[in-house]
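Written out below as structure tokens is the structure these notes cover.
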Amino acid sequence: MIINGSPRAPKSNSKKYAELFSKCCTIPTEYYPLTNTDHLELCKSMEGFTDVLLVFPLYVDGIPVTLMDFLKTLEGYPCPHKPRVSVLINCGFLEPEQNDIAVKMIRLFCKHQGYPFGSVLRIGSGEAILTTPFKAIVARKIKKFAFSVSTGRNQSLRTAMPLPKKMFVRASWGYWERYGKRNGITREQMSAMEIEK
Ligand SMILES: Cc1cc2nc3c(=O)[nH]c(=O)nc-3n(C[C@H](O)[C@H](O)[C@H](O)COP(=O)(O)O)c2cc1C
């Protein structure tokens, strides 16, 4: 059972990662995007699966609130058969270890609630990598991860674009500046707090 915990599930990078996972997973998968109303239904469905894969983005060094809300529902749900929980997380920054705290949050939840914890894949540069030639690198890692999940090996994997930090930051600025320009917004405006309003 693949659960997409991104707040923008239908258009998310997590959806694309979930698709790559399904393609190379040797056991059958079913995909479920999280919505505001399907939490209880998903808890019930979980009973029929050996494994649950949580695919989600890093939000402010933690897990997105959509996923947090789902875990709250799951906490109160008496699941008689608890599937093994694995994690595929992606973040915007280059370093896969940015995701460490969020992974610890899920691991702690599993420990407290009695869910066996499975494999982890941490993806750095997860917003960018899929539209670059480095996509092949992440696809290979997802294949390895899918093998680990389907065989219950409980591996901890990581991947990112193989670029020096400076080059990654420069390329990111270029990308966001072009994006801003298309929407009539300057670098200065993007750097100001008013951008949040
Ligand atoms: C509100 C918000 C907070 C974010 N916080 C972080 C962060 O703390 N660290 C990071 O590396 N990326 C952060 N990101 C970037 C996302 O993790 C990244 O864009 C990811 O690819 C989004 O995945 P999704 O399309 O599956 O939602 C943040 C993005 C948003 C919108």
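Chain identifiers are assigned as A, B, and so on, following the order in which chains appear in the structure tokens; residues are numbered from 1 within each chain, and ligands are numbered from 1 in order of appearance.
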Go through the chains and note each residue within 8 Å of ligand 1, using only C-alpha atoms and all ligand atoms, then give the set as number ranges by chain. A: 4-9, 11-15, 55-62, 90-95, 98-99, 124-128
Save out the residues we just selected, N, CA, C and O atoms, as a compact mmCIF listing (two decimals), in the first residue's frame.
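Wrote it out as again16.txt, contents follow:
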```
# COMPACT_ATOMS: atom_id res chain seq x y z
N ASN A 4 0.51 8.52 -0.47
CA ASN A 4 1.17 9.78 -0.80
C ASN A 4 0.75 10.85 0.21
O ASN A 4 -0.40 11.27 0.24
N GLY A 5 1.71 11.29 1.04
CA GLY A 5 1.42 12.25 2.11
C GLY A 5 1.73 13.69 1.74
O GLY A 5 1.82 14.55 2.61
N SER A 6 1.89 13.97 0.44
CA SER A 6 2.15 15.35 0.03
C SER A 6 0.86 16.18 0.06
O SER A 6 -0.18 15.71 -0.41
N PRO A 7 0.94 17.42 0.58
CA PRO A 7 -0.26 18.28 0.55
C PRO A 7 -0.71 18.59 -0.87
O PRO A 7 -1.85 18.98 -1.07
N ARG A 8 0.17 18.42 -1.84
CA ARG A 8 -0.25 18.65 -3.25
C ARG A 8 -0.21 17.31 -4.00
O ARG A 8 0.31 17.23 -5.12
N ALA A 9 -0.78 16.29 -3.38
CA ALA A 9 -0.65 14.92 -3.89
C ALA A 9 -0.87 14.74 -5.40
O ALA A 9 -0.04 14.12 -6.06
N LYS A 11 -0.38 16.65 -7.92
CA LYS A 11 0.65 17.23 -8.79
C LYS A 11 2.05 17.07 -8.19
O LYS A 11 2.98 17.77 -8.57
N SER A 12 2.20 16.20 -7.22
CA SER A 12 3.42 16.20 -6.42
C SER A 12 4.59 15.42 -7.02
O SER A 12 4.40 14.51 -7.84
N ASN A 13 5.77 15.76 -6.56
CA ASN A 13 6.94 14.94 -6.87
C ASN A 13 6.78 13.57 -6.23
O ASN A 13 7.20 12.56 -6.79
N SER A 14 6.16 13.55 -5.05
CA SER A 14 5.93 12.27 -4.36
C SER A 14 5.15 11.31 -5.25
O SER A 14 5.41 10.11 -5.25
N LYS A 15 4.19 11.85 -5.99
CA LYS A 15 3.41 10.99 -6.90
C LYS A 15 4.33 10.36 -7.95
O LYS A 15 4.22 9.17 -8.25
N VAL A 55 5.11 7.86 1.17
CA VAL A 55 5.89 8.70 0.25
C VAL A 55 5.48 10.14 0.53
O VAL A 55 4.30 10.49 0.40
N PHE A 56 6.44 10.97 0.92
CA PHE A 56 6.06 12.35 1.27
C PHE A 56 7.27 13.29 1.17
O PHE A 56 8.42 12.84 1.15
N PRO A 57 7.00 14.62 1.12
CA PRO A 57 8.10 15.59 1.06
C PRO A 57 8.50 16.06 2.45
O PRO A 57 7.71 15.93 3.41
N LEU A 58 9.68 16.63 2.56
CA LEU A 58 10.11 17.29 3.79
C LEU A 58 9.50 18.69 3.81
O LEU A 58 9.62 19.44 2.85
N TYR A 59 8.82 19.02 4.89
CA TYR A 59 8.25 20.36 5.06
C TYR A 59 8.80 20.94 6.37
O TYR A 59 8.53 20.39 7.44
N VAL A 60 9.54 22.03 6.25
CA VAL A 60 10.11 22.72 7.42
C VAL A 60 10.78 21.71 8.36
O VAL A 60 10.46 21.62 9.55
N ASP A 61 11.69 20.95 7.79
CA ASP A 61 12.49 19.96 8.54
C ASP A 61 11.66 18.90 9.24
O ASP A 61 12.14 18.25 10.17
N GLY A 62 10.42 18.72 8.83
CA GLY A 62 9.59 17.70 9.48
C GLY A 62 8.62 17.08 8.49
O GLY A 62 8.81 17.19 7.27
N ASN A 90 11.38 12.91 0.05
CA ASN A 90 12.22 13.78 -0.80
C ASN A 90 12.19 15.21 -0.26
O ASN A 90 11.21 15.63 0.36
N CYS A 91 13.31 15.92 -0.46
CA CYS A 91 13.38 17.32 0.00
C CYS A 91 13.96 18.20 -1.08
O CYS A 91 14.55 17.71 -2.05
N GLY A 92 13.81 19.52 -0.91
CA GLY A 92 14.28 20.47 -1.91
C GLY A 92 15.78 20.69 -1.86
O GLY A 92 16.43 20.83 -2.90
N PHE A 93 16.34 20.71 -0.67
CA PHE A 93 17.78 20.95 -0.53
C PHE A 93 18.59 19.76 -1.04
O PHE A 93 18.05 18.65 -1.18
N LEU A 94 19.87 19.99 -1.26
CA LEU A 94 20.71 18.97 -1.90
C LEU A 94 20.96 17.75 -1.02
O LEU A 94 21.02 16.63 -1.51
N GLU A 95 21.10 17.99 0.29
CA GLU A 95 21.58 16.92 1.17
C GLU A 95 20.46 15.97 1.60
O GLU A 95 19.50 16.41 2.24
N GLN A 98 19.04 16.07 5.21
CA GLN A 98 18.04 17.04 5.67
C GLN A 98 16.77 16.31 6.14
O GLN A 98 16.02 16.79 6.96
N ASN A 99 16.57 15.11 5.59
CA ASN A 99 15.35 14.34 5.88
C ASN A 99 15.41 13.52 7.16
O ASN A 99 14.44 12.86 7.52
N GLY A 124 17.68 13.73 -1.66
CA GLY A 124 18.02 15.15 -1.65
C GLY A 124 17.83 15.69 -3.06
O GLY A 124 17.81 14.93 -4.03
N SER A 125 17.67 17.01 -3.20
CA SER A 125 17.41 17.66 -4.49
C SER A 125 16.19 17.04 -5.18
O SER A 125 16.13 16.96 -6.41
N GLY A 126 15.22 16.62 -4.36
CA GLY A 126 14.07 15.87 -4.87
C GLY A 126 13.12 16.68 -5.73
O GLY A 126 12.38 16.12 -6.53
N GLU A 127 13.14 18.01 -5.56
CA GLU A 127 12.28 18.87 -6.40
C GLU A 127 12.85 18.93 -7.82
O GLU A 127 12.11 19.00 -8.80
N ALA A 128 14.19 18.89 -7.92
CA ALA A 128 14.83 19.17 -9.21
C ALA A 128 15.22 17.91 -9.99
O ALA A 128 15.14 17.89 -11.23
```
Might you pull out every residue within 12 Å of Ile106 (chain A), with only C-alpha atoms counted and same-chain residues fewer than 5 positions away left off, and present them as JSON, numbers by chain? {"A": [53, 54, 55, 56, 62, 63, 64, 67, 68, 70, 71, 72, 84, 85, 86, 87, 88, 89, 99, 100, 101, 111, 112, 113, 114, 115, 116, 117, 118, 119, 120]}
Please, could you write that set of residues out with N, CA, C and O atoms as a short mmCIF file (atom, residue, chain, number, x, y, z; two decimals), in the first residue's frame?
```cif
data_model
loop_
_atom_site.label_atom_id
_atom_site.label_comp_id
_atom_site.auth_asym_id
_atom_site.auth_seq_id
_atom_site.Cartn_x
_atom_site.Cartn_y
_atom_site.Cartn_z
N LEU A 53 3.99 1.87 2.34
CA LEU A 53 5.07 2.80 2.00
C LEU A 53 4.53 4.23 2.09
O LEU A 53 3.58 4.58 1.37
N LEU A 54 5.11 5.00 2.99
CA LEU A 54 4.74 6.42 3.09
C LEU A 54 5.67 7.21 2.18
O LEU A 54 6.89 7.22 2.38
N VAL A 55 5.11 7.86 1.17
CA VAL A 55 5.89 8.70 0.25
C VAL A 55 5.48 10.14 0.53
O VAL A 55 4.30 10.49 0.40
N PHE A 56 6.44 10.97 0.92
CA PHE A 56 6.06 12.35 1.27
C PHE A 56 7.27 13.29 1.17
O PHE A 56 8.42 12.84 1.15
N GLY A 62 10.42 18.72 8.83
CA GLY A 62 9.59 17.70 9.48
C GLY A 62 8.62 17.08 8.49
O GLY A 62 8.81 17.19 7.27
N ILE A 63 7.57 16.44 9.03
CA ILE A 63 6.60 15.81 8.14
C ILE A 63 5.45 16.79 7.86
O ILE A 63 5.10 17.59 8.73
N PRO A 64 4.87 16.76 6.65
CA PRO A 64 3.79 17.71 6.33
C PRO A 64 2.57 17.47 7.22
O PRO A 64 2.35 16.35 7.68
N LEU A 67 0.16 14.55 6.56
CA LEU A 67 0.59 13.24 7.04
C LEU A 67 0.47 13.15 8.56
O LEU A 67 0.06 12.12 9.10
N MET A 68 0.79 14.25 9.24
CA MET A 68 0.67 14.30 10.70
C MET A 68 -0.78 14.01 11.13
O MET A 68 -1.03 13.24 12.05
N PHE A 70 -3.01 12.37 9.42
CA PHE A 70 -3.32 10.96 9.16
C PHE A 70 -2.76 10.08 10.29
O PHE A 70 -3.43 9.15 10.77
N LEU A 71 -1.54 10.37 10.74
CA LEU A 71 -0.94 9.56 11.81
C LEU A 71 -1.74 9.68 13.10
O LEU A 71 -1.86 8.72 13.87
N LYS A 72 -2.34 10.87 13.33
CA LYS A 72 -3.19 11.05 14.52
C LYS A 72 -4.39 10.10 14.44
O LYS A 72 -4.78 9.48 15.42
N ARG A 84 4.20 -3.60 7.98
CA ARG A 84 5.51 -2.95 8.12
C ARG A 84 5.48 -1.60 7.38
O ARG A 84 4.93 -1.50 6.28
N VAL A 85 6.06 -0.58 7.98
CA VAL A 85 6.02 0.77 7.41
C VAL A 85 7.40 1.16 6.86
O VAL A 85 8.39 1.13 7.60
N SER A 86 7.46 1.50 5.58
CA SER A 86 8.69 2.01 4.98
C SER A 86 8.48 3.47 4.56
O SER A 86 7.33 3.93 4.46
N VAL A 87 9.57 4.17 4.31
CA VAL A 87 9.50 5.61 4.03
C VAL A 87 10.30 5.96 2.78
O VAL A 87 11.47 5.57 2.64
N LEU A 88 9.66 6.72 1.87
CA LEU A 88 10.38 7.32 0.73
C LEU A 88 10.15 8.84 0.84
O LEU A 88 9.04 9.32 0.60
N ILE A 89 11.17 9.54 1.25
CA ILE A 89 11.02 10.98 1.49
C ILE A 89 11.91 11.76 0.53
O ILE A 89 13.03 11.34 0.23
N ASN A 99 16.57 15.11 5.59
CA ASN A 99 15.35 14.34 5.88
C ASN A 99 15.41 13.52 7.16
O ASN A 99 14.44 12.86 7.52
N ASP A 100 16.56 13.54 7.83
CA ASP A 100 16.77 12.63 8.97
C ASP A 100 15.72 12.79 10.07
O ASP A 100 15.22 11.82 10.62
N ILE A 101 15.41 14.06 10.42
CA ILE A 101 14.47 14.30 11.54
C ILE A 101 13.08 13.74 11.19
O ILE A 101 12.44 13.09 12.02
N LYS A 111 7.42 2.92 16.59
CA LYS A 111 7.86 2.29 17.84
C LYS A 111 6.74 2.37 18.88
O LYS A 111 6.39 1.38 19.52
N HIS A 112 6.15 3.56 19.02
CA HIS A 112 5.11 3.77 20.03
C HIS A 112 3.83 3.01 19.71
O HIS A 112 3.13 2.56 20.61
N GLN A 113 3.53 2.89 18.40
CA GLN A 113 2.25 2.28 18.00
C GLN A 113 2.37 0.81 17.63
O GLN A 113 1.39 0.19 17.23
N GLY A 114 3.58 0.27 17.71
CA GLY A 114 3.77 -1.17 17.46
C GLY A 114 3.77 -1.57 16.00
O GLY A 114 3.47 -2.71 15.68
N TYR A 115 4.11 -0.62 15.11
CA TYR A 115 4.25 -0.98 13.69
C TYR A 115 5.71 -1.32 13.40
O TYR A 115 6.60 -0.53 13.74
N PRO A 116 5.98 -2.49 12.78
CA PRO A 116 7.36 -2.79 12.40
C PRO A 116 7.87 -1.74 11.41
O PRO A 116 7.11 -1.33 10.53
N PHE A 117 9.11 -1.32 11.57
CA PHE A 117 9.68 -0.30 10.66
C PHE A 117 10.52 -1.01 9.60
O PHE A 117 11.31 -1.90 9.91
N GLY A 118 10.34 -0.59 8.35
CA GLY A 118 11.04 -1.25 7.24
C GLY A 118 12.20 -0.46 6.68
O GLY A 118 13.10 -0.05 7.40
N SER A 119 12.16 -0.19 5.39
CA SER A 119 13.27 0.47 4.70
C SER A 119 13.03 1.97 4.53
O SER A 119 11.89 2.44 4.63
N VAL A 120 14.12 2.67 4.28
CA VAL A 120 14.05 4.13 4.09
C VAL A 120 14.84 4.52 2.84
O VAL A 120 15.94 4.04 2.62
#
```
What residues in region 90-152 of chain A get the DSSP label helix (DSSP H, G or I)? Please answer as a CSV table (one decimal) with N, CA and C atoms, in the first residue's frame.
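Contents of states_1.csv, freshly written:
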```csv
chain,number,residue,atom,x,y,z
A,96,PRO,N,20.6,14.7,1.3
A,96,PRO,CA,19.6,13.7,1.8
A,96,PRO,C,19.4,13.7,3.3
A,97,GLU,N,20.4,14.0,4.0
A,97,GLU,CA,20.4,14.0,5.5
A,97,GLU,C,19.5,15.1,6.1
A,98,GLN,N,19.0,16.1,5.2
A,98,GLN,CA,18.0,17.0,5.7
A,98,GLN,C,16.8,16.3,6.1
A,99,ASN,N,16.6,15.1,5.6
A,99,ASN,CA,15.3,14.3,5.9
A,99,ASN,C,15.4,13.5,7.2
A,100,ASP,N,16.6,13.5,7.8
A,100,ASP,CA,16.8,12.6,9.0
A,100,ASP,C,15.7,12.8,10.1
A,101,ILE,N,15.4,14.1,10.4
A,101,ILE,CA,14.5,14.3,11.5
A,101,ILE,C,13.1,13.7,11.2
A,102,ALA,N,12.7,14.0,10.0
A,102,ALA,CA,11.3,13.5,9.5
A,102,ALA,C,11.3,12.0,9.6
A,103,VAL,N,12.4,11.3,9.2
A,103,VAL,CA,12.4,9.9,9.3
A,103,VAL,C,12.3,9.4,10.7
A,104,LYS,N,13.0,10.1,11.6
A,104,LYS,CA,13.0,9.8,13.0
A,104,LYS,C,11.6,9.9,13.6
A,105,MET,N,10.8,10.9,13.1
A,105,MET,CA,9.4,11.1,13.5
A,105,MET,C,8.6,9.9,13.2
A,106,ILE,N,8.8,9.4,12.0
A,106,ILE,CA,8.0,8.2,11.6
A,106,ILE,C,8.4,7.0,12.4
A,107,ARG,N,9.7,6.9,12.5
A,107,ARG,CA,10.3,5.7,13.3
A,107,ARG,C,9.8,5.7,14.7
A,108,LEU,N,9.7,6.9,15.3
A,108,LEU,CA,9.2,7.0,16.7
A,108,LEU,C,7.7,6.6,16.8
A,109,PHE,N,7.0,7.1,15.8
A,109,PHE,CA,5.5,6.8,15.7
A,109,PHE,C,5.4,5.3,15.7
A,110,CYS,N,6.1,4.6,14.8
A,110,CYS,CA,6.0,3.2,14.6
A,110,CYS,C,6.4,2.4,15.9
A,111,LYS,N,7.4,2.9,16.6
A,111,LYS,CA,7.9,2.3,17.8
A,111,LYS,C,6.7,2.4,18.9
A,112,HIS,N,6.2,3.6,19.0
A,112,HIS,CA,5.1,3.8,20.0
A,112,HIS,C,3.8,3.0,19.7
A,113,GLN,N,3.5,2.9,18.4
A,113,GLN,CA,2.3,2.3,18.0
A,113,GLN,C,2.4,0.8,17.6
A,129,ILE,N,15.6,16.9,-9.3
A,129,ILE,CA,16.3,15.8,-9.9
A,129,ILE,C,15.6,15.1,-11.1
A,130,LEU,N,14.2,15.0,-10.9
A,130,LEU,CA,13.5,14.3,-11.9
A,130,LEU,C,13.4,14.9,-13.3
A,131,THR,N,13.8,16.2,-13.4
A,131,THR,CA,13.7,16.9,-14.7
A,131,THR,C,15.2,17.1,-15.2
A,135,LYS,N,18.0,11.9,-13.4
A,135,LYS,CA,16.8,11.1,-13.1
A,135,LYS,C,17.2,9.6,-13.0
A,136,ALA,N,18.1,9.2,-13.9
A,136,ALA,CA,18.5,7.8,-14.0
A,136,ALA,C,19.1,7.4,-12.6
A,137,ILE,N,19.8,8.3,-12.0
A,137,ILE,CA,20.4,7.9,-10.7
A,137,ILE,C,19.4,7.6,-9.6
A,138,VAL,N,18.3,8.5,-9.6
A,138,VAL,CA,17.3,8.3,-8.6
A,138,VAL,C,16.4,7.1,-9.0
A,139,ALA,N,16.2,6.8,-10.2
A,139,ALA,CA,15.4,5.7,-10.7
A,139,ALA,C,16.1,4.4,-10.3
A,140,ARG,N,17.5,4.3,-10.4
A,140,ARG,CA,18.2,3.1,-10.0
A,140,ARG,C,18.1,2.9,-8.5
A,141,LYS,N,18.2,4.0,-7.7
A,141,LYS,CA,18.1,3.9,-6.3
A,141,LYS,C,16.7,3.4,-5.9
A,142,ILE,N,15.7,3.9,-6.5
A,142,ILE,CA,14.3,3.5,-6.2
A,142,ILE,C,14.2,2.0,-6.5
A,143,LYS,N,14.8,1.5,-7.6
A,143,LYS,CA,14.7,0.1,-7.9
A,143,LYS,C,15.3,-0.7,-6.7
A,144,LYS,N,16.5,-0.3,-6.2
A,144,LYS,CA,17.2,-1.0,-5.1
A,144,LYS,C,16.3,-0.9,-3.9
A,145,PHE,N,15.6,0.2,-3.7
A,145,PHE,CA,14.8,0.4,-2.5
A,145,PHE,C,13.5,-0.5,-2.6
A,146,ALA,N,13.0,-0.6,-3.8
A,146,ALA,CA,11.8,-1.4,-4.0
A,146,ALA,C,12.1,-2.9,-3.7
A,147,PHE,N,13.3,-3.3,-4.1
A,147,PHE,CA,13.8,-4.7,-3.8
A,147,PHE,C,13.9,-4.9,-2.3
A,148,SER,N,14.4,-3.9,-1.7
A,148,SER,CA,14.6,-3.9,-0.2
A,148,SER,C,13.2,-4.0,0.5
A,149,VAL,N,12.3,-3.2,0.0
A,149,VAL,CA,10.9,-3.3,0.7
A,149,VAL,C,10.3,-4.6,0.4
A,150,SER,N,10.3,-5.1,-0.8
A,150,SER,CA,9.6,-6.3,-1.2
A,150,SER,C,10.2,-7.5,-0.6
A,151,THR,N,11.5,-7.5,-0.2
A,151,THR,CA,12.1,-8.6,0.4
A,151,THR,C,12.3,-8.5,1.9
```
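Those residues of region 130-163 of chain A that DSSP, working from the backbone, places in strand (DSSP E) are Ser156, Leu157, Arg158 and Thr159 of chain A.
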Using the selection just defined, write its residues with N, CA, C and O atoms as a PDB file, in the first residue's frame.
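In the end it all went to selection.pdb:
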```
ATOM      1  N   SER A 156      18.572   1.231   4.668  1.00  0.00           N
ATOM      2  CA  SER A 156      18.468   2.689   4.712  1.00  0.00           C
ATOM      3  C   SER A 156      19.308   3.259   3.570  1.00  0.00           C
ATOM      4  O   SER A 156      20.531   3.143   3.572  1.00  0.00           O
ATOM      5  N   LEU A 157      18.629   3.860   2.582  1.00  0.00           N
ATOM      6  CA  LEU A 157      19.311   4.319   1.370  1.00  0.00           C
ATOM      7  C   LEU A 157      19.170   5.827   1.219  1.00  0.00           C
ATOM      8  O   LEU A 157      18.253   6.433   1.779  1.00  0.00           O
ATOM      9  N   ARG A 158      20.073   6.417   0.435  1.00  0.00           N
ATOM     10  CA  ARG A 158      19.985   7.852   0.170  1.00  0.00           C
ATOM     11  C   ARG A 158      20.515   8.159  -1.222  1.00  0.00           C
ATOM     12  O   ARG A 158      21.353   7.429  -1.752  1.00  0.00           O
ATOM     13  N   THR A 159      20.042   9.265  -1.785  1.00  0.00           N
ATOM     14  CA  THR A 159      20.560   9.682  -3.091  1.00  0.00           C
ATOM     15  C   THR A 159      20.298  11.177  -3.303  1.00  0.00           C
ATOM     16  O   THR A 159      19.482  11.778  -2.595  1.00  0.00           O
TER      17      THR A 159
END
```
Find the nearest atom pair between each residue of region 55-120 of chain A and region 40-48 of chain A for residues within 10 Å, count only C-alpha atoms, give distances in Å to one decimal, sort rows by chain and ascending number, and present the table as a tab-separated table.
```
residue	atom	partner	partner_atom	distance
A:Phe70	CA	A:Leu40	CA	8.4
A:Leu71	CA	A:Cys43	CA	9.5
A:Thr73	CA	A:Leu40	CA	6.8
A:Leu74	CA	A:Cys43	CA	6.1
A:Glu75	CA	A:Cys43	CA	9.6
A:Gly76	CA	A:Cys43	CA	9.8
A:Tyr77	CA	A:Cys43	CA	7.0
A:Pro78	CA	A:Cys43	CA	9.0
A:Cys79	CA	A:Glu47	CA	6.6
A:Pro80	CA	A:Glu47	CA	7.2
A:His81	CA	A:Glu47	CA	5.7
A:Lys82	CA	A:Glu47	CA	6.8
A:Pro83	CA	A:Met46	CA	7.2
```
Residues from the last selection, all heavy atoms, saved as a short mmCIF file (atom, residue, chain, number, x, y, z; two decimals), in the first residue's frame:
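Dumped everything to out13.cif:
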```cif
data_model
loop_
_atom_site.label_atom_id
_atom_site.label_comp_id
_atom_site.auth_asym_id
_atom_site.auth_seq_id
_atom_site.Cartn_x
_atom_site.Cartn_y
_atom_site.Cartn_z
N PHE A 70 -3.01 12.37 9.42
CA PHE A 70 -3.32 10.96 9.16
C PHE A 70 -2.76 10.08 10.29
O PHE A 70 -3.43 9.15 10.77
CB PHE A 70 -2.73 10.54 7.81
CG PHE A 70 -2.82 9.06 7.57
CD1 PHE A 70 -4.06 8.45 7.40
CD2 PHE A 70 -1.67 8.26 7.56
CE1 PHE A 70 -4.15 7.06 7.21
CE2 PHE A 70 -1.77 6.89 7.36
CZ PHE A 70 -3.00 6.29 7.19
N LEU A 71 -1.54 10.37 10.74
CA LEU A 71 -0.94 9.56 11.81
C LEU A 71 -1.74 9.68 13.10
O LEU A 71 -1.86 8.72 13.87
CB LEU A 71 0.53 9.97 12.04
CG LEU A 71 1.48 9.71 10.87
CD1 LEU A 71 2.90 10.11 11.22
CD2 LEU A 71 1.45 8.24 10.43
N THR A 73 -5.01 10.02 13.24
CA THR A 73 -6.15 9.10 13.07
C THR A 73 -5.69 7.66 13.27
O THR A 73 -6.35 6.87 13.95
CB THR A 73 -6.77 9.26 11.66
OG1 THR A 73 -7.01 10.63 11.43
CG2 THR A 73 -8.06 8.49 11.51
N LEU A 74 -4.55 7.33 12.70
CA LEU A 74 -4.03 5.96 12.79
C LEU A 74 -3.73 5.58 14.24
O LEU A 74 -3.93 4.44 14.66
CB LEU A 74 -2.76 5.85 11.93
CG LEU A 74 -2.17 4.47 11.71
CD1 LEU A 74 -3.18 3.53 11.05
CD2 LEU A 74 -0.91 4.55 10.84
N GLU A 75 -3.28 6.58 15.00
CA GLU A 75 -2.95 6.36 16.41
C GLU A 75 -4.19 5.87 17.19
O GLU A 75 -4.08 5.02 18.07
CB GLU A 75 -2.45 7.68 17.01
CG GLU A 75 -1.77 7.52 18.35
CD GLU A 75 -1.16 8.84 18.81
OE1 GLU A 75 -1.41 9.89 18.17
OE2 GLU A 75 -0.43 8.81 19.80
N GLY A 76 -5.36 6.41 16.82
CA GLY A 76 -6.59 6.04 17.52
C GLY A 76 -7.29 4.86 16.89
O GLY A 76 -8.40 4.50 17.31
N TYR A 77 -6.69 4.27 15.85
CA TYR A 77 -7.36 3.17 15.15
C TYR A 77 -6.80 1.82 15.60
O TYR A 77 -5.60 1.58 15.50
CB TYR A 77 -7.18 3.34 13.63
CG TYR A 77 -7.96 2.33 12.84
CD1 TYR A 77 -9.31 2.50 12.60
CD2 TYR A 77 -7.35 1.17 12.37
CE1 TYR A 77 -10.03 1.56 11.89
CE2 TYR A 77 -8.06 0.22 11.66
CZ TYR A 77 -9.40 0.42 11.43
OH TYR A 77 -10.12 -0.52 10.74
N PRO A 78 -7.66 0.93 16.09
CA PRO A 78 -7.15 -0.35 16.58
C PRO A 78 -6.90 -1.33 15.44
O PRO A 78 -7.75 -2.15 15.11
CB PRO A 78 -8.30 -0.84 17.48
CG PRO A 78 -9.53 -0.21 16.91
CD PRO A 78 -9.13 1.05 16.18
N CYS A 79 -5.74 -1.25 14.85
CA CYS A 79 -5.41 -2.09 13.69
C CYS A 79 -4.96 -3.48 14.20
O CYS A 79 -3.90 -3.58 14.82
CB CYS A 79 -4.31 -1.42 12.88
SG CYS A 79 -4.02 -2.17 11.28
N PRO A 80 -5.75 -4.55 13.94
CA PRO A 80 -5.38 -5.85 14.49
C PRO A 80 -4.11 -6.42 13.85
O PRO A 80 -3.29 -7.05 14.50
CB PRO A 80 -6.59 -6.73 14.18
CG PRO A 80 -7.36 -6.02 13.12
CD PRO A 80 -6.97 -4.58 13.14
N HIS A 81 -3.98 -6.14 12.52
CA HIS A 81 -2.76 -6.62 11.84
C HIS A 81 -1.95 -5.39 11.42
O HIS A 81 -2.40 -4.60 10.60
CB HIS A 81 -3.15 -7.45 10.61
CG HIS A 81 -2.08 -7.48 9.58
ND1 HIS A 81 -0.90 -8.17 9.77
CD2 HIS A 81 -1.96 -6.87 8.38
CE1 HIS A 81 -0.13 -7.98 8.71
NE2 HIS A 81 -0.74 -7.19 7.86
N LYS A 82 -0.78 -5.25 12.01
CA LYS A 82 -0.01 -4.02 11.73
C LYS A 82 1.06 -4.26 10.66
O LYS A 82 2.01 -5.01 10.88
CB LYS A 82 0.64 -3.52 13.02
CG LYS A 82 -0.44 -3.13 14.03
CD LYS A 82 0.06 -2.31 15.17
CE LYS A 82 -1.16 -1.80 15.93
NZ LYS A 82 -0.91 -1.06 17.11
N PRO A 83 0.87 -3.66 9.48
CA PRO A 83 1.84 -3.86 8.40
C PRO A 83 3.17 -3.16 8.70
O PRO A 83 3.24 -2.26 9.54
CB PRO A 83 1.16 -3.21 7.19
CG PRO A 83 0.17 -2.27 7.74
CD PRO A 83 -0.22 -2.75 9.10
#
```
Could you tell me how far CA of Ala18 (chain A) sits from CA of Phe168 (chain A), in Å to one decimal place? 24.6 Å
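When only C-alpha atoms are used to measure the gap to Thr37 (chain A), the shortest distance among A:Tyr17, A:Phe134, A:Asp69, A:Cys24 belongs to A:Asp69.
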Hey, can you check how far CA of Asn183 (chain A) sits from CA of Lys166 (chain A)? 25.9 Å
